[in-house]
file coords-v4.cif (mmCIF, N, CA and C atoms)
data_final
#
loop_
_atom_site.label_atom_id
_atom_site.label_comp_id
_atom_site.auth_asym_id
_atom_site.auth_seq_id
_atom_site.Cartn_x
_atom_site.Cartn_y
_atom_site.Cartn_z
N MET A 28 0.82 -1.18 0.00
CA MET A 28 0.00 0.00 0.00
C MET A 28 0.87 1.26 0.00
N ILE A 29 1.89 1.26 0.78
CA ILE A 29 2.78 2.42 0.84
C ILE A 29 3.49 2.60 -0.50
N GLN A 30 3.83 1.48 -1.15
CA GLN A 30 4.50 1.57 -2.44
C GLN A 30 3.58 2.19 -3.49
N SER A 31 2.31 1.81 -3.48
CA SER A 31 1.38 2.38 -4.46
C SER A 31 1.13 3.85 -4.18
N LEU A 32 1.09 4.25 -2.91
CA LEU A 32 0.91 5.65 -2.55
C LEU A 32 2.12 6.46 -2.99
N ILE A 33 3.32 5.97 -2.73
CA ILE A 33 4.54 6.67 -3.15
C ILE A 33 4.63 6.72 -4.67
N GLY A 34 4.28 5.60 -5.32
CA GLY A 34 4.31 5.57 -6.79
C GLY A 34 3.34 6.55 -7.41
N SER A 35 2.14 6.67 -6.83
CA SER A 35 1.16 7.60 -7.39
C SER A 35 1.55 9.04 -7.12
N LEU A 36 2.15 9.32 -5.97
CA LEU A 36 2.59 10.68 -5.67
C LEU A 36 3.77 11.10 -6.54
N LEU A 37 4.64 10.16 -6.86
CA LEU A 37 5.80 10.48 -7.68
C LEU A 37 5.45 10.51 -9.17
N SER A 38 4.49 9.72 -9.57
CA SER A 38 4.19 9.64 -10.99
C SER A 38 3.51 10.90 -11.52
N ALA A 39 2.62 11.51 -10.72
CA ALA A 39 1.94 12.73 -11.18
C ALA A 39 2.92 13.88 -11.36
N PRO A 40 3.79 14.17 -10.38
CA PRO A 40 4.75 15.25 -10.60
C PRO A 40 5.75 14.93 -11.71
N ALA A 41 6.11 13.66 -11.84
CA ALA A 41 7.03 13.28 -12.91
C ALA A 41 6.38 13.49 -14.27
N LEU A 42 5.11 13.17 -14.38
CA LEU A 42 4.39 13.38 -15.64
C LEU A 42 4.28 14.87 -15.96
N ILE A 43 4.00 15.69 -14.96
CA ILE A 43 3.90 17.13 -15.16
C ILE A 43 5.26 17.70 -15.57
N ALA A 44 6.33 17.22 -14.90
CA ALA A 44 7.67 17.70 -15.25
C ALA A 44 8.04 17.28 -16.67
N LEU A 45 7.67 16.06 -17.06
CA LEU A 45 7.94 15.60 -18.41
C LEU A 45 7.18 16.44 -19.44
N ALA A 46 5.92 16.74 -19.13
CA ALA A 46 5.12 17.58 -20.03
C ALA A 46 5.72 18.97 -20.15
N ALA A 47 6.20 19.53 -19.04
CA ALA A 47 6.82 20.86 -19.06
C ALA A 47 8.10 20.84 -19.89
N LEU A 48 8.90 19.78 -19.74
CA LEU A 48 10.13 19.66 -20.50
C LEU A 48 9.85 19.56 -22.00
N VAL A 49 8.88 18.72 -22.35
CA VAL A 49 8.52 18.56 -23.76
C VAL A 49 7.96 19.86 -24.33
N SER A 50 7.17 20.59 -23.54
CA SER A 50 6.61 21.86 -24.04
C SER A 50 7.69 22.92 -24.20
N LYS A 51 8.76 22.84 -23.42
CA LYS A 51 9.88 23.77 -23.61
C LYS A 51 10.66 23.42 -24.89
N LEU A 52 10.81 22.12 -25.15
CA LEU A 52 11.54 21.71 -26.34
C LEU A 52 10.70 21.86 -27.60
N TRP A 53 9.40 21.65 -27.47
CA TRP A 53 8.48 21.73 -28.61
C TRP A 53 7.36 22.69 -28.24
N PRO A 54 7.51 24.00 -28.54
CA PRO A 54 6.56 25.00 -28.06
C PRO A 54 5.11 24.78 -28.52
N GLY A 55 4.89 24.20 -29.69
CA GLY A 55 3.53 23.99 -30.19
C GLY A 55 2.92 22.69 -29.73
N MET A 56 3.53 22.04 -28.75
CA MET A 56 3.07 20.72 -28.32
C MET A 56 1.65 20.77 -27.75
N LEU A 57 1.36 21.75 -26.91
CA LEU A 57 0.03 21.80 -26.30
C LEU A 57 -1.05 22.05 -27.35
N THR A 58 -0.77 22.92 -28.30
CA THR A 58 -1.72 23.17 -29.38
C THR A 58 -1.92 21.92 -30.23
N SER A 59 -0.82 21.25 -30.55
CA SER A 59 -0.90 20.02 -31.34
C SER A 59 -1.65 18.93 -30.59
N LEU A 60 -1.38 18.82 -29.30
CA LEU A 60 -2.07 17.81 -28.49
C LEU A 60 -3.56 18.11 -28.42
N GLY A 61 -3.90 19.38 -28.19
CA GLY A 61 -5.31 19.75 -28.14
C GLY A 61 -6.02 19.51 -29.47
N THR A 62 -5.36 19.83 -30.57
CA THR A 62 -5.93 19.60 -31.89
C THR A 62 -6.11 18.11 -32.14
N TRP A 63 -5.12 17.32 -31.77
CA TRP A 63 -5.21 15.87 -31.96
C TRP A 63 -6.36 15.30 -31.14
N MET A 64 -6.48 15.75 -29.88
CA MET A 64 -7.56 15.24 -29.02
C MET A 64 -8.92 15.65 -29.58
N TYR A 65 -9.05 16.88 -30.05
CA TYR A 65 -10.31 17.37 -30.60
C TYR A 65 -10.69 16.60 -31.86
N ALA A 66 -9.69 16.24 -32.66
CA ALA A 66 -9.96 15.51 -33.90
C ALA A 66 -10.42 14.08 -33.64
N HIS A 67 -10.12 13.55 -32.49
CA HIS A 67 -10.48 12.17 -32.19
C HIS A 67 -11.69 12.05 -31.27
N VAL A 68 -12.45 13.12 -31.12
CA VAL A 68 -13.66 13.08 -30.29
C VAL A 68 -14.78 12.44 -31.10
N ASP A 69 -15.48 11.52 -30.50
CA ASP A 69 -16.64 10.90 -31.14
C ASP A 69 -17.88 11.61 -30.62
N PRO A 70 -18.52 12.45 -31.45
CA PRO A 70 -19.67 13.23 -30.97
C PRO A 70 -20.84 12.35 -30.52
N GLY A 71 -20.92 11.15 -31.03
CA GLY A 71 -22.01 10.26 -30.64
C GLY A 71 -21.92 9.79 -29.21
N LYS A 72 -20.74 9.85 -28.62
CA LYS A 72 -20.56 9.37 -27.24
C LYS A 72 -20.61 10.50 -26.21
N LEU A 73 -20.80 11.74 -26.68
CA LEU A 73 -20.87 12.87 -25.76
C LEU A 73 -22.25 12.95 -25.13
N PRO A 74 -22.35 13.42 -23.88
CA PRO A 74 -23.67 13.64 -23.29
C PRO A 74 -24.44 14.68 -24.11
N TYR A 75 -25.73 14.48 -24.26
CA TYR A 75 -26.53 15.31 -25.16
C TYR A 75 -26.48 16.78 -24.78
N ASP A 76 -26.50 17.08 -23.51
CA ASP A 76 -26.59 18.48 -23.08
C ASP A 76 -25.24 19.10 -22.77
N SER A 77 -24.16 18.45 -23.16
CA SER A 77 -22.84 19.00 -22.84
C SER A 77 -22.47 20.14 -23.77
N ALA A 78 -21.54 20.96 -23.31
CA ALA A 78 -21.09 22.10 -24.12
C ALA A 78 -20.40 21.62 -25.40
N MET A 79 -19.67 20.53 -25.31
CA MET A 79 -18.96 20.00 -26.48
C MET A 79 -19.96 19.48 -27.51
N ASN A 80 -21.02 18.84 -27.07
CA ASN A 80 -22.04 18.33 -28.00
C ASN A 80 -22.74 19.50 -28.69
N ARG A 81 -23.04 20.55 -27.94
CA ARG A 81 -23.66 21.73 -28.56
C ARG A 81 -22.72 22.34 -29.59
N HIS A 82 -21.43 22.35 -29.27
CA HIS A 82 -20.44 22.87 -30.21
C HIS A 82 -20.42 22.04 -31.50
N TRP A 83 -20.44 20.71 -31.36
CA TRP A 83 -20.45 19.84 -32.54
C TRP A 83 -21.72 20.06 -33.36
N MET A 84 -22.84 20.22 -32.69
CA MET A 84 -24.10 20.45 -33.42
C MET A 84 -24.04 21.78 -34.17
N GLN A 85 -23.50 22.83 -33.54
CA GLN A 85 -23.39 24.13 -34.20
C GLN A 85 -22.42 24.06 -35.38
N THR A 86 -21.33 23.33 -35.19
CA THR A 86 -20.36 23.19 -36.27
C THR A 86 -20.97 22.48 -37.46
N ASN A 87 -21.71 21.40 -37.21
CA ASN A 87 -22.36 20.67 -38.30
C ASN A 87 -23.42 21.53 -38.99
N LYS A 88 -24.17 22.30 -38.20
CA LYS A 88 -25.19 23.17 -38.79
C LYS A 88 -24.53 24.25 -39.65
N LEU A 89 -23.43 24.83 -39.17
CA LEU A 89 -22.72 25.84 -39.95
C LEU A 89 -22.17 25.25 -41.25
N ALA A 90 -21.64 24.03 -41.18
CA ALA A 90 -21.12 23.39 -42.39
C ALA A 90 -22.25 23.16 -43.40
N ASP A 91 -23.42 22.73 -42.91
CA ASP A 91 -24.56 22.54 -43.80
C ASP A 91 -25.02 23.86 -44.40
N ASP A 92 -25.05 24.92 -43.58
CA ASP A 92 -25.46 26.23 -44.08
C ASP A 92 -24.48 26.76 -45.12
N ILE A 93 -23.19 26.54 -44.91
CA ILE A 93 -22.19 26.98 -45.87
C ILE A 93 -22.34 26.23 -47.19
N ASP A 94 -22.60 24.92 -47.11
CA ASP A 94 -22.81 24.14 -48.34
C ASP A 94 -24.04 24.65 -49.09
N GLU A 95 -25.10 24.96 -48.36
CA GLU A 95 -26.31 25.46 -48.99
C GLU A 95 -26.05 26.82 -49.65
N LEU A 96 -25.30 27.69 -48.97
CA LEU A 96 -24.99 28.99 -49.55
C LEU A 96 -24.11 28.86 -50.79
N LYS A 97 -23.17 27.93 -50.77
CA LYS A 97 -22.33 27.71 -51.95
C LYS A 97 -23.16 27.24 -53.12
N ASN A 98 -24.12 26.34 -52.86
CA ASN A 98 -24.99 25.86 -53.93
C ASN A 98 -25.86 26.99 -54.47
N LEU A 99 -26.38 27.83 -53.57
CA LEU A 99 -27.19 28.97 -54.03
C LEU A 99 -26.35 29.95 -54.84
N GLN A 100 -25.12 30.18 -54.42
CA GLN A 100 -24.24 31.08 -55.16
C GLN A 100 -23.92 30.51 -56.54
N LEU A 101 -23.68 29.21 -56.61
CA LEU A 101 -23.41 28.56 -57.90
C LEU A 101 -24.61 28.67 -58.83
N GLU A 102 -25.80 28.43 -58.30
CA GLU A 102 -27.00 28.55 -59.12
C GLU A 102 -27.23 29.99 -59.56
N GLY A 103 -26.94 30.94 -58.68
CA GLY A 103 -27.06 32.35 -59.05
C GLY A 103 -26.10 32.72 -60.17
N SER A 104 -24.88 32.21 -60.07
CA SER A 104 -23.90 32.47 -61.13
C SER A 104 -24.35 31.89 -62.45
N LYS A 105 -24.85 30.66 -62.42
CA LYS A 105 -25.34 30.02 -63.64
C LYS A 105 -26.50 30.82 -64.25
N ASN A 106 -27.42 31.25 -63.41
CA ASN A 106 -28.57 32.00 -63.91
C ASN A 106 -28.15 33.34 -64.51
N THR A 107 -27.18 34.00 -63.89
CA THR A 107 -26.69 35.27 -64.43
C THR A 107 -26.08 35.07 -65.82
N ILE A 108 -25.28 34.03 -65.95
CA ILE A 108 -24.65 33.76 -67.24
C ILE A 108 -25.70 33.38 -68.28
N LYS A 109 -26.69 32.58 -67.88
CA LYS A 109 -27.77 32.21 -68.81
C LYS A 109 -28.52 33.44 -69.28
N ASN A 110 -28.85 34.35 -68.36
CA ASN A 110 -29.56 35.57 -68.74
C ASN A 110 -28.71 36.45 -69.67
N THR A 111 -27.40 36.48 -69.41
CA THR A 111 -26.50 37.23 -70.29
C THR A 111 -26.50 36.63 -71.69
N LEU A 112 -26.47 35.30 -71.77
CA LEU A 112 -26.52 34.63 -73.09
C LEU A 112 -27.81 34.95 -73.82
N ILE A 113 -28.91 34.90 -73.13
CA ILE A 113 -30.20 35.19 -73.76
C ILE A 113 -30.22 36.63 -74.27
N ALA A 114 -29.71 37.56 -73.47
CA ALA A 114 -29.68 38.96 -73.90
C ALA A 114 -28.75 39.14 -75.10
N LEU A 115 -27.62 38.47 -75.11
CA LEU A 115 -26.68 38.59 -76.24
C LEU A 115 -27.29 38.02 -77.52
N MET A 116 -28.00 36.90 -77.40
CA MET A 116 -28.60 36.31 -78.60
C MET A 116 -29.73 37.16 -79.14
N GLY A 117 -30.32 38.00 -78.29
CA GLY A 117 -31.41 38.87 -78.73
C GLY A 117 -30.94 40.16 -79.38
N ARG A 118 -29.67 40.48 -79.28
CA ARG A 118 -29.13 41.71 -79.87
C ARG A 118 -28.96 41.57 -81.37
N ASP A 119 -28.94 42.72 -82.02
CA ASP A 119 -28.68 42.74 -83.46
C ASP A 119 -27.18 42.60 -83.69
N GLY A 120 -26.83 42.05 -84.81
CA GLY A 120 -25.42 41.90 -85.17
C GLY A 120 -24.87 40.56 -84.68
N ASN A 121 -23.59 40.39 -84.93
CA ASN A 121 -22.92 39.15 -84.58
C ASN A 121 -22.28 39.29 -83.19
N GLN A 122 -22.78 38.54 -82.25
CA GLN A 122 -22.28 38.57 -80.87
C GLN A 122 -21.53 37.28 -80.54
N SER A 123 -20.95 36.65 -81.56
CA SER A 123 -20.35 35.32 -81.39
C SER A 123 -19.24 35.30 -80.35
N ALA A 124 -18.39 36.30 -80.33
CA ALA A 124 -17.26 36.30 -79.40
C ALA A 124 -17.75 36.34 -77.95
N GLN A 125 -18.71 37.23 -77.68
CA GLN A 125 -19.23 37.33 -76.32
C GLN A 125 -20.00 36.06 -75.93
N ILE A 126 -20.76 35.52 -76.88
CA ILE A 126 -21.52 34.30 -76.58
C ILE A 126 -20.57 33.14 -76.33
N ARG A 127 -19.52 33.04 -77.12
CA ARG A 127 -18.54 31.97 -76.92
C ARG A 127 -17.90 32.09 -75.52
N TYR A 128 -17.60 33.31 -75.11
CA TYR A 128 -17.00 33.55 -73.79
C TYR A 128 -17.96 33.15 -72.66
N GLU A 129 -19.21 33.58 -72.76
CA GLU A 129 -20.20 33.25 -71.73
C GLU A 129 -20.49 31.75 -71.71
N LEU A 130 -20.50 31.15 -72.89
CA LEU A 130 -20.74 29.70 -72.98
C LEU A 130 -19.59 28.92 -72.33
N SER A 131 -18.38 29.40 -72.49
CA SER A 131 -17.25 28.72 -71.85
C SER A 131 -17.33 28.83 -70.33
N LYS A 132 -17.86 29.95 -69.82
CA LYS A 132 -18.03 30.08 -68.37
C LYS A 132 -19.08 29.10 -67.86
N LEU A 133 -20.15 28.91 -68.62
CA LEU A 133 -21.17 27.93 -68.21
C LEU A 133 -20.63 26.51 -68.25
N GLU A 134 -19.84 26.21 -69.27
CA GLU A 134 -19.25 24.87 -69.35
C GLU A 134 -18.29 24.62 -68.20
N ALA A 135 -17.57 25.65 -67.76
CA ALA A 135 -16.66 25.51 -66.63
C ALA A 135 -17.43 25.22 -65.34
N LEU A 136 -18.68 25.68 -65.26
CA LEU A 136 -19.51 25.41 -64.09
C LEU A 136 -20.28 24.10 -64.21
N HIS A 137 -20.03 23.35 -65.28
CA HIS A 137 -20.67 22.05 -65.54
C HIS A 137 -22.19 22.18 -65.60
N ALA A 138 -22.65 23.22 -66.26
CA ALA A 138 -24.08 23.44 -66.41
C ALA A 138 -24.57 22.75 -67.67
N THR A 139 -25.81 22.31 -67.62
CA THR A 139 -26.48 21.76 -68.81
C THR A 139 -27.88 22.35 -68.83
N CYS A 140 -28.20 23.04 -69.92
CA CYS A 140 -29.52 23.65 -70.04
C CYS A 140 -29.81 23.96 -71.50
N TRP A 141 -31.04 24.34 -71.76
CA TRP A 141 -31.46 24.62 -73.12
C TRP A 141 -30.77 25.87 -73.66
N VAL A 142 -30.39 26.80 -72.80
CA VAL A 142 -29.73 28.03 -73.24
C VAL A 142 -28.38 27.69 -73.88
N MET A 143 -27.70 26.71 -73.34
CA MET A 143 -26.42 26.32 -73.92
C MET A 143 -26.61 25.78 -75.32
N GLN A 144 -27.64 24.98 -75.51
CA GLN A 144 -27.92 24.43 -76.84
C GLN A 144 -28.27 25.56 -77.81
N GLU A 145 -29.06 26.51 -77.37
CA GLU A 145 -29.41 27.65 -78.23
C GLU A 145 -28.18 28.49 -78.57
N ALA A 146 -27.28 28.65 -77.59
CA ALA A 146 -26.05 29.41 -77.85
C ALA A 146 -25.18 28.69 -78.86
N GLU A 147 -25.10 27.37 -78.75
CA GLU A 147 -24.33 26.60 -79.73
C GLU A 147 -24.95 26.70 -81.12
N ASN A 148 -26.28 26.67 -81.19
CA ASN A 148 -26.97 26.85 -82.48
C ASN A 148 -26.68 28.24 -83.05
N TYR A 149 -26.69 29.25 -82.19
CA TYR A 149 -26.39 30.63 -82.62
C TYR A 149 -24.98 30.69 -83.19
N LEU A 150 -24.03 30.07 -82.49
CA LEU A 150 -22.64 30.10 -82.96
C LEU A 150 -22.48 29.38 -84.28
N SER A 151 -23.19 28.24 -84.45
CA SER A 151 -23.08 27.52 -85.72
C SER A 151 -23.73 28.31 -86.86
N GLU A 152 -24.79 29.06 -86.60
CA GLU A 152 -25.43 29.88 -87.63
C GLU A 152 -24.60 31.10 -88.01
N HIS A 153 -23.88 31.66 -87.06
CA HIS A 153 -23.12 32.88 -87.31
C HIS A 153 -21.63 32.60 -87.52
N HIS A 154 -21.30 31.37 -87.73
CA HIS A 154 -19.90 31.00 -87.97
C HIS A 154 -19.47 31.48 -89.35
N ARG A 155 -18.36 32.17 -89.39
CA ARG A 155 -17.84 32.66 -90.67
C ARG A 155 -16.61 31.81 -91.02
N PRO A 156 -16.62 31.14 -92.18
CA PRO A 156 -15.46 30.32 -92.56
C PRO A 156 -14.27 31.13 -92.96
#
call {"tool": "encode", "arguments": {"input": "coords-v4.cif", "output": "structure tokens"}}
result
Amino acid sequence: MIQSLIGSLLSAPALIALAALVSKLWPGMLTSLGTWMYAHVDPGKLPYDSAMNRHWMQTNKLADDIDELKNLQLEGSKNTIKNTLIALMGRDGNQSAQIRYELSKLEALHATCWVMQEAENYLSEHHRP
């Protein structure tokens, strides 16, 4: 019993001294350790009402909101380019260069729609050999 008491009293200060020594040699150790521990947390095992569980729920909700905003921004960009194409095709004269440019932007966004087909038809009709 005395040996276990002495061992436990000596092991805690020795562990703290070792941690202090390592943190002096490697200044980012505490940050790295905290990041590693945070990365290995299983949110499913946390108590429902804990601060960490609320944090995980907020983080997941923010990630979902960001994904939704990115999708809305992408759709807005596609719609703007489509409207620009429609306006260009409605103008008088040959707008092939501008239509080709706008069409390339839509293709870069991996869009597929009837406006792209109409723009390609416009380009084939106004193609000068």
call {"tool": "atom_distance", "arguments": {"input": "coords-v4.cif", "atom1": "atom N of Asn121 of chain A", "atom2": "atom N of His154 of chain A"}}
result
9.7 Å
call {"tool": "resolve_selection", "arguments": {"input": "coords-v4.cif", "expression": "the PyMOL selection byres ((chain A and resi 130) around 8)", "output": "ChimeraX atom specification"}}
result
/A:108,112,124-129,131-136,142-143,146-147
call {"tool": "resolve_selection", "arguments": {"input": "coords-v4.cif", "expression": "the PyMOL selection byres ((chain A and resi 70) around 8)", "output": "PyMOL selection string"}}
result
chain A and resi 67-69+71-74+79-80+83-84
call {"tool": "atom_distance", "arguments": {"input": "coords-v4.cif", "atom1": "atom C of Ser104 of chain A", "atom2": "atom C of His137 of chain A"}}
result
10.4 Å
call {"tool": "atom_distance", "arguments": {"input": "coords-v4.cif", "atom1": "atom CA of Leu150 of chain A", "atom2": "atom CA of Gln122 of chain A"}}
result
8.7 Å
call {"tool": "select_by_dssp", "arguments": {"input": "coords-v4.cif", "residues": "chain A", "states": "helix (DSSP H, G or I)", "output": "VMD selection string"}}
result
chain A and resid 29 to 52 56 to 66 70 to 72 78 to 117 123 to 135 141 to 152
call {"tool": "axis_aligned_box", "arguments": {"input": "coords-v4.cif", "around": "segment 70-88 of chain A", "padding_each_side": "4 Å", "output": "AutoDock Vina command-line options"}}
result
--center_x -22.6 --center_y 16.8 --center_z -31.2 --size_x 16.1 --size_y 22.9 --size_z 24.9
call {"tool": "residues_around", "arguments": {"input": "coords-v4.cif", "residues": "Glu145 of chain A", "least_positions_apart": "6", "cutoff": "10 Å", "atoms": "only C-alpha atoms", "output": "list in words"}}
result
Leu112, Ile113, Met116 and Ser151 of chain A
